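Text of the file protein_2.pdb, holding PDB, C-alpha atoms:
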ATOM      1  CA  MET A   1       1.460 -11.415 -13.672  1.00  0.00           C
ATOM      2  CA  GLN A   2       2.834  -8.553 -15.743  1.00  0.00           C
ATOM      3  CA  ALA A   3       0.464  -5.704 -16.572  1.00  0.00           C
ATOM      4  CA  LYS A   4       0.956  -3.379 -19.543  1.00  0.00           C
ATOM      5  CA  THR A   5      -1.890  -0.930 -18.887  1.00  0.00           C
ATOM      6  CA  ILE A   6      -3.804   0.426 -15.913  1.00  0.00           C
ATOM      7  CA  ASP A   7      -6.840  -1.572 -17.028  1.00  0.00           C
ATOM      8  CA  GLN A   8      -4.750  -4.749 -16.877  1.00  0.00           C
ATOM      9  CA  VAL A   9      -3.546  -3.767 -13.399  1.00  0.00           C
ATOM     10  CA  ILE A  10      -7.155  -3.427 -12.254  1.00  0.00           C
ATOM     11  CA  SER A  11      -8.040  -6.754 -13.890  1.00  0.00           C
ATOM     12  CA  PHE A  12      -5.173  -8.540 -12.101  1.00  0.00           C
ATOM     13  CA  LEU A  13      -6.191  -6.960  -8.805  1.00  0.00           C
ATOM     14  CA  ASP A  14      -9.773  -8.128  -9.398  1.00  0.00           C
ATOM     15  CA  GLN A  15      -8.441 -11.654  -9.842  1.00  0.00           C
ATOM     16  CA  ILE A  16      -6.276 -11.520  -6.715  1.00  0.00           C
ATOM     17  CA  VAL A  17      -9.114 -10.177  -4.585  1.00  0.00           C
ATOM     18  CA  ALA A  18     -11.527 -12.845  -5.838  1.00  0.00           C
ATOM     19  CA  ASP A  19      -9.004 -15.653  -5.278  1.00  0.00           C
ATOM     20  CA  GLU A  20      -8.060 -14.525  -1.780  1.00  0.00           C
ATOM     21  CA  VAL A  21     -11.645 -13.915  -0.677  1.00  0.00           C
ATOM     22  CA  ASN A  22     -12.625 -17.375  -1.928  1.00  0.00           C
ATOM     23  CA  GLN A  23      -9.784 -18.844   0.144  1.00  0.00           C
ATOM     24  CA  GLY A  24     -10.744 -16.792   3.195  1.00  0.00           C
ATOM     25  CA  SER A  25      -7.290 -15.190   3.078  1.00  0.00           C
ATOM     26  CA  LYS A  26      -6.469 -11.867   4.667  1.00  0.00           C
ATOM     27  CA  LEU A  27      -4.230 -11.141   1.683  1.00  0.00           C
ATOM     28  CA  ALA A  28      -7.438  -9.848   0.078  1.00  0.00           C
ATOM     29  CA  TYR A  29      -7.425  -6.669   2.154  1.00  0.00           C
ATOM     30  CA  PHE A  30      -4.518  -4.726   0.657  1.00  0.00           C
ATOM     31  CA  PRO A  31      -5.372  -5.325  -3.039  1.00  0.00           C
ATOM     32  CA  ILE A  32      -8.928  -4.136  -2.338  1.00  0.00           C
ATOM     33  CA  LEU A  33      -7.512  -0.826  -1.142  1.00  0.00           C
ATOM     34  CA  TYR A  34      -4.882  -0.747  -3.870  1.00  0.00           C
ATOM     35  CA  ARG A  35      -7.485  -1.319  -6.564  1.00  0.00           C
ATOM     36  CA  ALA A  36      -9.492   1.666  -5.291  1.00  0.00           C
ATOM     37  CA  VAL A  37      -6.378   3.844  -5.387  1.00  0.00           C
ATOM     38  CA  THR A  38      -5.512   2.630  -8.897  1.00  0.00           C
ATOM     39  CA  LYS A  39      -9.002   3.462 -10.139  1.00  0.00           C
ATOM     40  CA  ALA A  40      -8.723   6.951  -8.634  1.00  0.00           C
ATOM     41  CA  ILE A  41      -5.375   7.513 -10.363  1.00  0.00           C
ATOM     42  CA  LYS A  42      -6.848   6.257 -13.638  1.00  0.00           C
ATOM     43  CA  VAL A  43      -9.642   8.845 -13.385  1.00  0.00           C
ATOM     44  CA  ALA A  44      -7.092  11.576 -12.622  1.00  0.00           C
ATOM     45  CA  ILE A  45      -5.077  10.583 -15.707  1.00  0.00           C
ATOM     46  CA  GLU A  46      -8.200  10.555 -17.888  1.00  0.00           C
ATOM     47  CA  ASN A  47      -9.073  14.009 -16.565  1.00  0.00           C
ATOM     48  CA  LYS A  48      -5.514  15.164 -17.378  1.00  0.00           C
ATOM     49  CA  GLU A  49      -4.808  16.247 -13.815  1.00  0.00           C
ATOM     50  CA  PHE A  50      -1.071  15.505 -14.030  1.00  0.00           C
ATOM     51  CA  GLU A  51       1.641  17.474 -15.812  1.00  0.00           C
ATOM     52  CA  ASP A  52       2.561  14.409 -17.881  1.00  0.00           C
ATOM     53  CA  ASN A  53      -0.381  12.017 -17.971  1.00  0.00           C
ATOM     54  CA  PRO A  54       1.128   9.334 -20.285  1.00  0.00           C
ATOM     55  CA  ARG A  55       4.171   9.172 -18.023  1.00  0.00           C
ATOM     56  CA  MET A  56       1.944   8.783 -14.974  1.00  0.00           C
ATOM     57  CA  GLU A  57       0.213   5.810 -16.564  1.00  0.00           C
ATOM     58  CA  ARG A  58       3.613   4.214 -17.202  1.00  0.00           C
ATOM     59  CA  LEU A  59       4.604   4.915 -13.600  1.00  0.00           C
ATOM     60  CA  ASP A  60       1.368   3.434 -12.297  1.00  0.00           C
ATOM     61  CA  VAL A  61       1.908   0.239 -14.293  1.00  0.00           C
ATOM     62  CA  VAL A  62       5.583  -0.172 -13.320  1.00  0.00           C
ATOM     63  CA  PHE A  63       4.651   0.539  -9.702  1.00  0.00           C
ATOM     64  CA  ALA A  64       1.824  -2.013  -9.736  1.00  0.00           C
ATOM     65  CA  ASN A  65       3.977  -4.659 -11.371  1.00  0.00           C
ATOM     66  CA  ARG A  66       6.283  -4.641  -8.386  1.00  0.00           C
ATOM     67  CA  TYR A  67       3.386  -5.677  -6.141  1.00  0.00           C
ATOM     68  CA  LEU A  68       2.130  -8.210  -8.699  1.00  0.00           C
ATOM     69  CA  GLU A  69       5.608  -9.720  -8.982  1.00  0.00           C
ATOM     70  CA  ALA A  70       6.059  -9.933  -5.199  1.00  0.00           C
ATOM     71  CA  TYR A  71       2.614 -11.515  -4.803  1.00  0.00           C
ATOM     72  CA  THR A  72       3.322 -14.079  -7.538  1.00  0.00           C
ATOM     73  CA  GLN A  73       6.702 -14.942  -6.034  1.00  0.00           C
ATOM     74  CA  PHE A  74       5.122 -15.526  -2.634  1.00  0.00           C
ATOM     75  CA  LYS A  75       2.348 -17.693  -4.068  1.00  0.00           C
ATOM     76  CA  GLU A  76       4.868 -19.781  -6.011  1.00  0.00           C
ATOM     77  CA  GLY A  77       7.006 -20.409  -2.946  1.00  0.00           C
ATOM     78  CA  GLN A  78       9.764 -17.999  -3.963  1.00  0.00           C
ATOM     79  CA  GLU A  79      11.239 -15.213  -1.849  1.00  0.00           C
ATOM     80  CA  PRO A  80       9.820 -11.741  -2.547  1.00  0.00           C
ATOM     81  CA  SER A  81      11.529  -8.648  -1.165  1.00  0.00           C
ATOM     82  CA  ALA A  82      11.907  -8.796   2.610  1.00  0.00           C
ATOM     83  CA  CYS A  83       9.317  -6.104   3.334  1.00  0.00           C
ATOM     84  CA  TRP A  84       6.718  -7.879   1.207  1.00  0.00           C
ATOM     85  CA  ALA A  85       7.555 -11.185   2.908  1.00  0.00           C
ATOM     86  CA  VAL A  86       6.745  -9.584   6.272  1.00  0.00           C
ATOM     87  CA  SER A  87       3.359  -8.478   4.908  1.00  0.00           C
ATOM     88  CA  PHE A  88       2.432 -11.723   3.146  1.00  0.00           C
ATOM     89  CA  ASN A  89       3.500 -13.900   6.072  1.00  0.00           C
ATOM     90  CA  GLN A  90       0.690 -12.418   8.191  1.00  0.00           C
ATOM     91  CA  GLU A  91      -2.002 -14.063   6.046  1.00  0.00           C
ATOM     92  CA  ASP A  92      -2.734 -16.936   8.458  1.00  0.00           C
ATOM     93  CA  ARG A  93      -2.002 -15.162  11.733  1.00  0.00           C
ATOM     94  CA  PHE A  94      -5.038 -14.532  13.909  1.00  0.00           C
ATOM     95  CA  TRP A  95      -4.118 -11.388  15.810  1.00  0.00           C
ATOM     96  CA  PRO A  96      -3.236  -8.711  13.232  1.00  0.00           C
ATOM     97  CA  ILE A  97      -6.269  -6.490  12.723  1.00  0.00           C
ATOM     98  CA  VAL A  98      -7.519  -5.328   9.324  1.00  0.00           C
ATOM     99  CA  LEU A  99      -5.773  -1.975   9.726  1.00  0.00           C
ATOM    100  CA  GLN A 100      -2.433  -3.701  10.338  1.00  0.00           C
ATOM    101  CA  HIS A 101      -2.812  -5.758   7.146  1.00  0.00           C
ATOM    102  CA  LEU A 102      -3.496  -2.581   5.167  1.00  0.00           C
ATOM    103  CA  LEU A 103      -0.567  -0.731   6.738  1.00  0.00           C
ATOM    104  CA  LEU A 104       1.802  -3.622   6.022  1.00  0.00           C
ATOM    105  CA  GLY A 105       0.922  -3.517   2.334  1.00  0.00           C
ATOM    106  CA  ILE A 106       1.144   0.270   2.210  1.00  0.00           C
ATOM    107  CA  ASN A 107       4.496   0.157   3.988  1.00  0.00           C
ATOM    108  CA  ALA A 108       6.095  -2.200   1.459  1.00  0.00           C
ATOM    109  CA  HIS A 109       4.528  -0.678  -1.621  1.00  0.00           C
ATOM    110  CA  ILE A 110       5.077   3.005  -0.913  1.00  0.00           C
ATOM    111  CA  ASN A 111       8.300   2.901   1.077  1.00  0.00           C
ATOM    112  CA  LEU A 112      10.126   0.494  -1.249  1.00  0.00           C
ATOM    113  CA  ASP A 113       8.328   0.008  -4.567  1.00  0.00           C
ATOM    114  CA  LEU A 114       7.272   3.575  -5.334  1.00  0.00           C
ATOM    115  CA  GLY A 115      10.768   5.042  -5.246  1.00  0.00           C
ATOM    116  CA  ILE A 116      12.123   2.299  -7.486  1.00  0.00           C
ATOM    117  CA  ALA A 117       9.288   2.714  -9.990  1.00  0.00           C
ATOM    118  CA  ALA A 118       9.715   6.501 -10.078  1.00  0.00           C
ATOM    119  CA  ALA A 119      13.458   6.187 -10.687  1.00  0.00           C
ATOM    120  CA  GLU A 120      12.957   3.634 -13.448  1.00  0.00           C
ATOM    121  CA  ILE A 121      10.414   5.821 -15.249  1.00  0.00           C
ATOM    122  CA  ALA A 122      12.102   9.219 -14.862  1.00  0.00           C
ATOM    123  CA  GLY A 123      15.788   8.258 -14.781  1.00  0.00           C
ATOM    124  CA  ASP A 124      18.089  11.288 -14.831  1.00  0.00           C
ATOM    125  CA  ASN A 125      15.036  13.548 -15.216  1.00  0.00           C
ATOM    126  CA  ILE A 126      13.719  12.552 -11.789  1.00  0.00           C
ATOM    127  CA  ASP A 127      13.233  16.196 -10.732  1.00  0.00           C
ATOM    128  CA  SER A 128      10.687  16.678 -13.525  1.00  0.00           C
ATOM    129  CA  LEU A 129       8.492  14.032 -11.894  1.00  0.00           C
ATOM    130  CA  LYS A 130       8.248  15.643  -8.465  1.00  0.00           C
ATOM    131  CA  ALA A 131       5.013  17.617  -8.946  1.00  0.00           C
ATOM    132  CA  ASP A 132       3.133  14.618 -10.343  1.00  0.00           C
ATOM    133  CA  PHE A 133       4.685  12.348  -7.718  1.00  0.00           C
ATOM    134  CA  TYR A 134       3.242  14.519  -4.974  1.00  0.00           C
ATOM    135  CA  LYS A 135      -0.073  14.846  -6.782  1.00  0.00           C
ATOM    136  CA  ILE A 136      -0.608  11.181  -5.956  1.00  0.00           C
ATOM    137  CA  ASN A 137      -0.387  12.206  -2.296  1.00  0.00           C
ATOM    138  CA  ASP A 138      -3.373  14.503  -2.811  1.00  0.00           C
ATOM    139  CA  ILE A 139      -5.371  11.609  -4.268  1.00  0.00           C
ATOM    140  CA  LEU A 140      -4.502   9.344  -1.337  1.00  0.00           C
ATOM    141  CA  SER A 141      -5.388  12.033   1.175  1.00  0.00           C
ATOM    142  CA  SER A 142      -8.773  12.553  -0.490  1.00  0.00           C
ATOM    143  CA  MET A 143      -9.550   8.874   0.141  1.00  0.00           C
ATOM    144  CA  VAL A 144      -8.748   8.896   3.865  1.00  0.00           C
ATOM    145  CA  ASP A 145     -12.314   9.538   5.039  1.00  0.00           C
ATOM    146  CA  GLY A 146     -13.705   6.698   2.918  1.00  0.00           C
ATOM    147  CA  VAL A 147     -11.056   4.275   4.143  1.00  0.00           C
ATOM    148  CA  GLN A 148     -11.639   5.353   7.744  1.00  0.00           C
ATOM    149  CA  SER A 149     -15.393   4.903   7.438  1.00  0.00           C
ATOM    150  CA  ASP A 150     -15.128   1.355   6.106  1.00  0.00           C
ATOM    151  CA  ILE A 151     -12.574   0.312   8.724  1.00  0.00           C
ATOM    152  CA  ASP A 152     -14.869   1.724  11.414  1.00  0.00           C
ATOM    153  CA  LYS A 153     -17.617  -0.634  10.222  1.00  0.00           C
ATOM    154  CA  VAL A 154     -15.567  -3.824  10.464  1.00  0.00           C
ATOM    155  CA  SER A 155     -13.661  -2.680  13.580  1.00  0.00           C
ATOM    156  CA  PRO A 156     -16.283  -1.194  15.920  1.00  0.00           C
ATOM    157  CA  VAL A 157     -13.731  -0.294  18.607  1.00  0.00           C
ATOM    158  CA  ILE A 158     -11.787   1.775  16.082  1.00  0.00           C
ATOM    159  CA  GLY A 159     -15.092   3.409  15.182  1.00  0.00           C
ATOM    160  CA  VAL A 160     -15.581   4.475  18.792  1.00  0.00           C
ATOM    161  CA  MET A 161     -11.989   5.709  18.990  1.00  0.00           C
ATOM    162  CA  ASP A 162     -12.544   7.620  15.752  1.00  0.00           C
ATOM    163  CA  LYS A 163     -15.537   9.441  17.218  1.00  0.00           C
ATOM    164  CA  ILE A 164     -13.590  10.332  20.349  1.00  0.00           C
ATOM    165  CA  ALA A 165     -10.565  11.560  18.379  1.00  0.00           C
ATOM    166  CA  GLY A 166     -12.617  13.609  15.927  1.00  0.00           C
ATOM    167  CA  ARG A 167     -10.477  14.742  12.992  1.00  0.00           C
ATOM    168  CA  LEU A 168      -7.219  14.024  14.827  1.00  0.00           C
ATOM    169  CA  ASP A 169      -6.744  10.521  13.401  1.00  0.00           C
ATOM    170  CA  GLU A 170      -7.405  11.710   9.834  1.00  0.00           C
ATOM    171  CA  ARG A 171      -4.784  14.435  10.268  1.00  0.00           C
ATOM    172  CA  LEU A 172      -2.326  11.862  11.618  1.00  0.00           C
ATOM    173  CA  VAL A 173      -2.978   9.581   8.631  1.00  0.00           C
ATOM    174  CA  ASP A 174      -2.437  12.486   6.228  1.00  0.00           C
ATOM    175  CA  PHE A 175       0.807  13.305   8.022  1.00  0.00           C
ATOM    176  CA  SER A 176       1.934   9.660   7.889  1.00  0.00           C
ATOM    177  CA  ILE A 177       1.202   9.481   4.155  1.00  0.00           C
ATOM    178  CA  GLN A 178       3.229  12.646   3.633  1.00  0.00           C
ATOM    179  CA  LEU A 179       6.169  11.237   5.591  1.00  0.00           C
ATOM    180  CA  ALA A 180       6.070   8.028   3.549  1.00  0.00           C
ATOM    181  CA  ARG A 181       5.928  10.005   0.300  1.00  0.00           C
ATOM    182  CA  ASP A 182       8.839  12.193   1.376  1.00  0.00           C
ATOM    183  CA  GLY A 183      10.901   9.125   2.206  1.00  0.00           C
ATOM    184  CA  ALA A 184       9.946   7.446  -1.072  1.00  0.00           C
ATOM    185  CA  TRP A 185      10.882  10.578  -3.039  1.00  0.00           C
ATOM    186  CA  ASP A 186      14.272  10.885  -1.344  1.00  0.00           C
ATOM    187  CA  PHE A 187      14.935   7.219  -2.082  1.00  0.00           C
ATOM    188  CA  ALA A 188      13.814   7.676  -5.705  1.00  0.00           C
ATOM    189  CA  CYS A 189      16.265  10.548  -6.180  1.00  0.00           C
ATOM    190  CA  SER A 190      19.154   8.533  -4.739  1.00  0.00           C
ATOM    191  CA  TYR A 191      18.214   5.426  -6.717  1.00  0.00           C
ATOM    192  CA  ALA A 192      17.820   7.351  -9.989  1.00  0.00           C
ATOM    193  CA  ILE A 193      21.390   8.654 -10.041  1.00  0.00           C
ATOM    194  CA  ALA A 194      23.061   5.489  -8.721  1.00  0.00           C
ATOM    195  CA  ASP A 195      24.930   3.052 -10.941  1.00  0.00           C
ATOM    196  CA  VAL A 196      24.073  -0.663 -11.119  1.00  0.00           C
ATOM    197  CA  ASN A 197      26.217  -1.689  -8.155  1.00  0.00           C
ATOM    198  CA  GLU A 198      25.064   1.241  -6.048  1.00  0.00           C
ATOM    199  CA  ARG A 199      21.438   0.449  -6.849  1.00  0.00           C
ATOM    200  CA  THR A 200      21.848  -3.107  -5.622  1.00  0.00           C
ATOM    201  CA  SER A 201      23.276  -1.852  -2.338  1.00  0.00           C
ATOM    202  CA  LEU A 202      20.636   0.879  -1.956  1.00  0.00           C
ATOM    203  CA  LEU A 203      17.802  -1.554  -2.638  1.00  0.00           C
ATOM    204  CA  LYS A 204      19.135  -4.114  -0.154  1.00  0.00           C
ATOM    205  CA  LYS A 205      19.518  -1.527   2.616  1.00  0.00           C
ATOM    206  CA  ARG A 206      16.148   0.074   1.903  1.00  0.00           C
ATOM    207  CA  ASP A 207      14.382  -3.295   1.824  1.00  0.00           C
ATOM    208  CA  ALA A 208      15.922  -4.312   5.157  1.00  0.00           C
ATOM    209  CA  SER A 209      14.905  -0.999   6.731  1.00  0.00           C
ATOM    210  CA  ILE A 210      11.314  -1.204   5.476  1.00  0.00           C
ATOM    211  CA  ALA A 211      11.088  -4.870   6.498  1.00  0.00           C
ATOM    212  CA  TRP A 212      12.094  -3.814  10.012  1.00  0.00           C
ATOM    213  CA  LEU A 213       9.353  -1.182   9.970  1.00  0.00           C
ATOM    214  CA  GLY A 214       6.898  -3.806   8.747  1.00  0.00           C
ATOM    215  CA  SER A 215       7.849  -6.110  11.617  1.00  0.00           C
ATOM    216  CA  ASP A 216       7.158  -3.236  13.975  1.00  0.00           C
ATOM    217  CA  ILE A 217       3.716  -2.739  12.405  1.00  0.00           C
ATOM    218  CA  ALA A 218       2.937  -6.453  12.759  1.00  0.00           C
ATOM    219  CA  ASN A 219       4.281  -6.618  16.324  1.00  0.00           C
ATOM    220  CA  PRO A 220       4.165  -3.076  17.718  1.00  0.00           C
ATOM    221  CA  GLY A 221       5.222  -3.728  21.302  1.00  0.00           C
ATOM    222  CA  ILE A 222       3.306  -4.629  24.448  1.00  0.00           C
ATOM    223  CA  LEU A 223       1.072  -1.559  24.775  1.00  0.00           C
ATOM    224  CA  LEU A 224       0.013  -1.203  21.133  1.00  0.00           C
ATOM    225  CA  SER A 225      -0.271  -4.972  20.714  1.00  0.00           C
ATOM    226  CA  SER A 226      -2.614  -5.071  23.708  1.00  0.00           C
ATOM    227  CA  ILE A 227      -4.750  -2.339  22.142  1.00  0.00           C
ATOM    228  CA  ALA A 228      -4.759  -4.170  18.795  1.00  0.00           C
ATOM    229  CA  ARG A 229      -5.810  -7.402  20.480  1.00  0.00           C
ATOM    230  CA  PHE A 230      -8.664  -5.616  22.248  1.00  0.00           C
ATOM    231  CA  ILE A 231      -9.749  -4.239  18.865  1.00  0.00           C
ATOM    232  CA  LYS A 232      -9.446  -7.734  17.363  1.00  0.00           C
ATOM    233  CA  VAL A 233     -11.840  -9.246  19.910  1.00  0.00           C
ATOM    234  CA  PHE A 234     -14.683  -7.080  18.578  1.00  0.00           C
ATOM    235  CA  GLU A 235     -13.542  -6.898  14.962  1.00  0.00           C
ATOM    236  CA  TRP A 236     -15.318  -8.909  12.298  1.00  0.00           C
ATOM    237  CA  LYS A 237     -13.460 -12.142  11.632  1.00  0.00           C
ATOM    238  CA  LYS A 238     -14.590 -13.570   8.291  1.00  0.00           C
ATOM    239  CA  VAL A 239     -12.824 -12.320   5.200  1.00  0.00           C
ATOM    240  CA  SER A 240     -15.985 -12.977   3.166  1.00  0.00           C
ATOM    241  CA  ARG A 241     -17.833 -10.525   5.410  1.00  0.00           C
ATOM    242  CA  ILE A 242     -15.100  -7.901   5.673  1.00  0.00           C
ATOM    243  CA  ALA A 243     -14.129  -7.734   1.992  1.00  0.00           C
ATOM    244  CA  PRO A 244     -17.463  -6.401   0.651  1.00  0.00           C
ATOM    245  CA  VAL A 245     -17.325  -3.552   3.186  1.00  0.00           C
ATOM    246  CA  LEU A 246     -13.757  -2.635   2.259  1.00  0.00           C
ATOM    247  CA  GLU A 247     -14.790  -2.707  -1.394  1.00  0.00           C
ATOM    248  CA  GLY A 248     -16.995   0.265  -0.571  1.00  0.00           C
ATOM    249  CA  ILE A 249     -13.830   2.375  -0.233  1.00  0.00           C
ATOM    250  CA  SER A 250     -14.208   5.395  -2.483  1.00  0.00           C
TER     251      SER A 250
END

I'd like the structure from this file rewritten - as C-alpha cells, please.
Amino acid sequence: MQAKTIDQVISFLDQIVADEVNQGSKLAYFPILYRAVTKAIKVAIENKEFEDNPRMERLDVVFANRYLEAYTQFKEGQEPSACWAVSFNQEDRFWPIVLQHLLLGINAHINLDLGIAAAEIAGDNIDSLKADFYKINDILSSMVDGVQSDIDKVSPVIGVMDKIAGRLDERLVDFSIQLARDGAWDFACSYAIADVNERTSLLKKRDASIAWLGSDIANPGILLSSIARFIKVFEWKKVSRIAPVLEGIS
C-alpha cells in the first residue's frame, strides 16, 4: 500500500478496517481512530487552516504511508519497525483493552513516524513547519471528547471512572498528546539535520526507545495491569460490536 493523496489514505484505511473487522481482529481499532483524524486534517487543509496547506497534505500522505508500510510488512510476515511490531503483536492477545490498542498505535505512529515524515517533507527548512506541526495537536485535542465518549460506551468501567474524574482525564490526555508532539518535534529537528549514517543510528535508537514504551503500555506493571484486567472483564469483547461504536468518533 502506497498512497499518493489523502483520499487514497482514507481509502486504504477503509480497506484495512473492513478486512480486520471481518476477521474479528483487534487491529481494526487503531485505523478507525486514524481514519477519523485523517478526515479531520483533510477538512482543515480544505479550509486552509494551515500556513502551507499543500505541504501539509504531502506530510499527511508521507506520515500515513509509514503506517501503511508497517501494516503491510506485518501482514506479509516481514519485520516492521520494532515499535509497530509491539503494537501489531497484540492482535490475538485477550487481555489488552481497547484503550491499550489505541495507545499502542498512537505511540508508534506519533513518537516514531511523525518526526521522520516531518523531516522528510521539510528537510533543512524544518523550523518553517513548526506552526503547522503543532496545529495538528489542536485538531487531536479537539477530538478528545468524542474519543472518550466512544471508549466509555464499549468500556463501561472506564465510563464510570470518567464520570468520577470529571475533566481531569481529558486534561491528562491533552497533556500526554502535547508531550508526544514535543518529543516528535525534537526528534524531527535532529533527524532533519542528520546525514545518512546519523539518521540510521537515530532511527534505530528512537525505534528501540518507543518499542520499550509500547511494551510498557501493553504490560504496564502489576497495579495498572490489574486495573486493565478489571476493565476488560466488563468491556465489550467482539470486534464486530466495538468497531461500529468507535467509528462514531468525531

Original post:
For this file, the PyMOL selection byres ((chain A and resi 28) around 12) selects which residues, as a ChimeraX atom specification?
Top reply: /A:13-27,29-35,71,87-88,90-92,98,101-102,105,238-244,246-247

Subject >> From A:Val157, A:Val9, A:Asp132, A:Arg181, residue lying nearest Lys39 of chain A [all atoms listed in the file] >> reply: A:Val9

**OP:** Would you work out the distance separating atom CA of Met1 of chain A from atom CA of Gly123 of chain A, expressed in Å to one decimal?
**Re:**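 For atom CA of Met1 of chain A relative to atom CA of Gly123 of chain A, the distance reads 24.4 Å.
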
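Shortest atom-to-atom contact with Ala208 of chain A among A:Leu68, A:Ala82, A:Leu179, A:Leu59: A:Ala82, counting all atoms listed in the file.
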
Original post:
Of the candidates A:Cys189, A:Phe230, A:Pro80, A:Leu140, which one gets nearest to Asp207 of chain A if we count all atoms listed in the file?
Top reply: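 Looking only at the distances to Asp207 of chain A, the closest residue turns out to be A:Pro80.
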
Original post:
Using only C-alpha atoms, which of the listed residues (A:Ile193, A:Ile97, A:Leu203, A:Ala180) sits closest to Ile217 of chain A?
Top reply: A:Ile97

**OP:** Please provide as a ChimeraX atom specification all residues within 12 Å of Ser209 of chain A, with the sequence filter that same-chain residues fewer than 2 positions apart are discarded (counting only C-alpha atoms).
**Re:** /A:81-83,86,107-108,111-112,183,202-207,211-216

**OP:** Could you list the residues chosen by the PyMOL selection byres ((chain A and resi 229) around 12) in this structure as a PyMOL selection string?
**Re:** chain A and resi 94-98+100+155+157-158+218-228+230-235

**OP:** Between A:Ile6, A:Leu103, A:Ile139, A:Leu114, single out the one closest to Val37 of chain A, counting all atoms listed in the file.
**Re:**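 Of A:Ile6, A:Leu103, A:Ile139, A:Leu114, the one nearest Val37 of chain A is A:Ile139, counting all atoms listed in the file.
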
Subject >> Selected residue of minimal separation from Phe63 of chain A among A:Ile110, A:Ile41, A:Leu99, A:Ala188, counting only C-alpha atoms >> reply: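 Answer, going by the shortest atom-to-atom distance: A:Ile110.
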
Within 12 Å of Asp127 of chain A, counting only C-alpha atoms, which residues show up once you throw out same-chain ones fewer than 6 positions away? Write them as a PDB file with C-alpha atoms, in the frame of the given file, please.
ATOM      1  CA  ALA A 118       9.715   6.501 -10.078  1.00  0.00           C
ATOM      2  CA  ALA A 119      13.458   6.187 -10.687  1.00  0.00           C
ATOM      3  CA  ILE A 121      10.414   5.821 -15.249  1.00  0.00           C
ATOM      4  CA  PHE A 133       4.685  12.348  -7.718  1.00  0.00           C
ATOM      5  CA  TYR A 134       3.242  14.519  -4.974  1.00  0.00           C
ATOM      6  CA  TRP A 185      10.882  10.578  -3.039  1.00  0.00           C
ATOM      7  CA  ASP A 186      14.272  10.885  -1.344  1.00  0.00           C
ATOM      8  CA  ALA A 188      13.814   7.676  -5.705  1.00  0.00           C
ATOM      9  CA  CYS A 189      16.265  10.548  -6.180  1.00  0.00           C
ATOM     10  CA  SER A 190      19.154   8.533  -4.739  1.00  0.00           C
ATOM     11  CA  ALA A 192      17.820   7.351  -9.989  1.00  0.00           C
ATOM     12  CA  ILE A 193      21.390   8.654 -10.041  1.00  0.00           C
TER      13      ILE A 193
END

Original post:
Expressed in Å to a single decimal, how great is the separation between atom CA of Ile45 of chain A and atom CA of Asp124 of chain A?
Top reply: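 These two atoms are separated by 23.2 Å.
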
**OP:** Measure the distance from atom CA of Glu51 of chain A to atom CA of Ile116 of chain A in Å and round it to one decimal.
**Re:**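 About the pair atom CA of Glu51 of chain A and atom CA of Ile116 of chain A: they are 20.2 Å apart.
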
N, CA and C atoms restored at segment 48-60 of chain A, emitted as a short mmCIF file (atom, residue, chain, number, x, y, z; two decimals), in the coordinates of the input:
data_model
loop_
_atom_site.label_atom_id
_atom_site.label_comp_id
_atom_site.auth_asym_id
_atom_site.auth_seq_id
_atom_site.Cartn_x
_atom_site.Cartn_y
_atom_site.Cartn_z
N LYS A 48 -6.73 14.39 -17.10
CA LYS A 48 -5.51 15.16 -17.38
C LYS A 48 -5.14 16.07 -16.21
N GLU A 49 -5.13 15.49 -15.01
CA GLU A 49 -4.81 16.25 -13.82
C GLU A 49 -3.31 16.29 -13.52
N PHE A 50 -2.52 15.52 -14.25
CA PHE A 50 -1.07 15.50 -14.03
C PHE A 50 -0.36 16.35 -15.09
N GLU A 51 0.87 16.71 -14.83
CA GLU A 51 1.64 17.47 -15.81
C GLU A 51 1.97 16.62 -17.03
N ASP A 52 2.25 15.34 -16.79
CA ASP A 52 2.56 14.41 -17.88
C ASP A 52 1.74 13.14 -17.66
N ASN A 53 0.55 13.12 -18.23
CA ASN A 53 -0.38 12.02 -17.97
C ASN A 53 0.08 10.67 -18.55
N PRO A 54 0.61 10.62 -19.77
CA PRO A 54 1.13 9.33 -20.28
C PRO A 54 2.24 8.76 -19.40
N ARG A 55 3.11 9.64 -18.91
CA ARG A 55 4.17 9.17 -18.02
C ARG A 55 3.59 8.63 -16.72
N MET A 56 2.54 9.25 -16.22
CA MET A 56 1.94 8.78 -14.97
C MET A 56 1.31 7.41 -15.15
N GLU A 57 0.75 7.15 -16.34
CA GLU A 57 0.21 5.81 -16.56
C GLU A 57 1.35 4.79 -16.57
N ARG A 58 2.47 5.13 -17.20
CA ARG A 58 3.61 4.21 -17.20
C ARG A 58 4.10 3.97 -15.78
N LEU A 59 4.17 5.06 -14.99
CA LEU A 59 4.60 4.92 -13.60
C LEU A 59 3.65 4.02 -12.82
N ASP A 60 2.36 4.23 -13.01
CA ASP A 60 1.37 3.43 -12.30
C ASP A 60 1.53 1.95 -12.61
#
